[in-house]
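**Student:** Here you go, one structure.
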Amino acid sequence: MDFKKSVEGHLTYLRKLKDYTEERLEKMPEGSLRRKKTREKMYYYLKSGHQEFSLLKYPGLRDIYIEKEWLQGRLKAIDKDIPVLERLLSDYAAICPNPGEWEFFKGEQNEYKKEERRHLYKGVYYRAKSEVVIAMVLESHDLEFKYEVALHVNGRIIYPDFVIRRKRDGKIFIWEHFGMIFSEEYRQKMYRRLEELHEAGFNPWDNLLMSFDSIEGSIDVDFVEKMVKLYLL
């Protein structure tokens, strides 16, 4: 079970427990319990309005009021926890899809300069020929992947080049391809991008894979194959 479903399940349980606790408290008698310790012995008194009397001879009634106190404490804790969990669910967005929910994950595709996606491969337009090569290698190994889809991280949206699910355990990776690294301006953008991904929890050779174009603008297919075999199979 993923984190969100776990929280939803616990929230449902707390709401039912709240209803049950409130029903039990409605059946409890009026008044409250007061304790007094004398010579290492505890004495119990019932307070009702301005009156108070000892429960020494009424152990059954004492136990009822002890249970009432416990129920009141539980209800107070539940009333504190429920809004916290509700806020958590309203703000929560997973970094990437749970492996078990991959089939239902439909991330919206990046609309930024979508006219630059000119390279069509099996129904998907890619921005660069090198990205088509990466897609072909991933597909050749029967890997599940998505191109430029949104991941919601820390209140913002990032669009990795590829989001990939590893075959053996379902671990989610992202793959970034960097093209014009011979350009100083491009490298500065690349460094800022890597910093952004690090802040989002994606780190090189852990769950972030990278590839680069040569100065001629081509990609080393053997390198891509090695990366896939080393990290994704």
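Each chain in the structure tokens gets a letter, A, B and so on, in the order shown; residues start at 1 in every chain, and ligands are counted from 1 in the order they appear.
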Contacts of Ser140 of chain A at 12 Å or less, counting only C-alpha atoms, minus same-chain residues fewer than 4 places along, as a ChimeraX atom specification?
**Tutor:** /A:133-136,144-145,224-225,228-229,233
**Student:** Could you take the residues named above and write them with C-alpha atoms, as an mmCIF file, in the first residue's frame?
**Tutor:**
data_model
loop_
_atom_site.group_PDB
_atom_site.id
_atom_site.type_symbol
_atom_site.label_atom_id
_atom_site.label_comp_id
_atom_site.auth_asym_id
_atom_site.auth_seq_id
_atom_site.Cartn_x
_atom_site.Cartn_y
_atom_site.Cartn_z
ATOM 1 C CA VAL A 133 17.560 6.824 -29.540
ATOM 2 C CA ILE A 134 17.109 6.586 -25.764
ATOM 3 C CA ALA A 135 13.426 5.731 -26.233
ATOM 4 C CA MET A 136 14.344 3.020 -28.752
ATOM 5 C CA GLU A 144 8.033 1.075 -19.203
ATOM 6 C CA PHE A 145 8.684 4.797 -19.573
ATOM 7 C CA VAL A 224 22.965 4.205 -23.270
ATOM 8 C CA GLU A 225 22.868 0.402 -23.498
ATOM 9 C CA VAL A 228 20.154 0.540 -19.088
ATOM 10 C CA LYS A 229 21.749 -2.807 -18.288
ATOM 11 C CA LEU A 233 17.305 -4.339 -15.746
#
**Student:** Mind checking DSSP for segment 2-216 of chain A and telling me the alpha helix (DSSP H) residues as an MDAnalysis selection string?
**Tutor:** chainID A and resid 3:26 59:91 129:140 184:199
**Student:** Segment 82-87 of chain A: which residues within 8 Å, counting only C-alpha atoms, same-chain residues fewer than 5 positions away excluded, as a compact mmCIF listing (two decimals) with N, CA and C atoms, in the first residue's frame?
**Tutor:**
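Ended up saving to around18.txt:
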# COMPACT_ATOMS: atom_id res chain seq x y z
N VAL A 7 -2.61 6.75 4.45
CA VAL A 7 -3.17 7.89 5.19
C VAL A 7 -4.68 7.92 5.05
N LEU A 11 -7.35 7.69 8.06
CA LEU A 11 -8.34 8.75 8.24
C LEU A 11 -9.74 8.18 8.32
N LEU A 14 -10.13 6.68 11.74
CA LEU A 14 -10.31 7.69 12.79
C LEU A 14 -11.73 8.26 12.78
N ARG A 15 -12.28 8.46 11.61
CA ARG A 15 -13.65 9.00 11.53
C ARG A 15 -14.65 8.01 12.11
**Student:** Any idea what the distance is between atom CA of Tyr126 of chain A and atom CA of Glu199 of chain A?
**Tutor:**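 These two atoms are separated by 26.0 Å.
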**Student:** Counting only C-alpha atoms, figure out which residue out of A:Ser130, A:Gln72, A:Lys5, A:Leu17 gets nearest to Ser214 of chain A.
**Tutor:**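 Among the listed residues, A:Ser130 lies closest to Ser214 of chain A.
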**Student:** For the atom pair atom CA of Lys76 of chain A and atom CA of Leu88 of chain A, what is the interatomic distance in Å to one decimal place?
**Tutor:**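 Separation of atom CA of Lys76 of chain A and atom CA of Leu88 of chain A: 19.1 Å.
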**Student:** Could you please write out, as number ranges by chain, every residue of chain A that DSSP assigns to strand (DSSP E or B)?
**Tutor:** A: 32-38, 41-48, 51-54, 109, 119-121, 124-126, 144-147, 149, 151-153, 156-158, 162-165, 172-178, 204, 208-213, 219
**Student:** Between atom CA of Glu30 of chain A and atom CA of Lys16 of chain A, measure the distance and give it in Å to one decimal.
**Tutor:**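 Atom CA of Lys16 of chain A lies 24.1 Å from atom CA of Glu30 of chain A.
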**Student:** Name the residues in contact with Ile164 of chain A at a cut-off of 8 Å, using only C-alpha atoms, excluding same-chain residues fewer than 3 positions from it; report them as a list in words.
**Tutor:** Leu143, Glu144, Phe145, Lys146, Ile172, Phe173, Ile174 and Trp175 of chain A
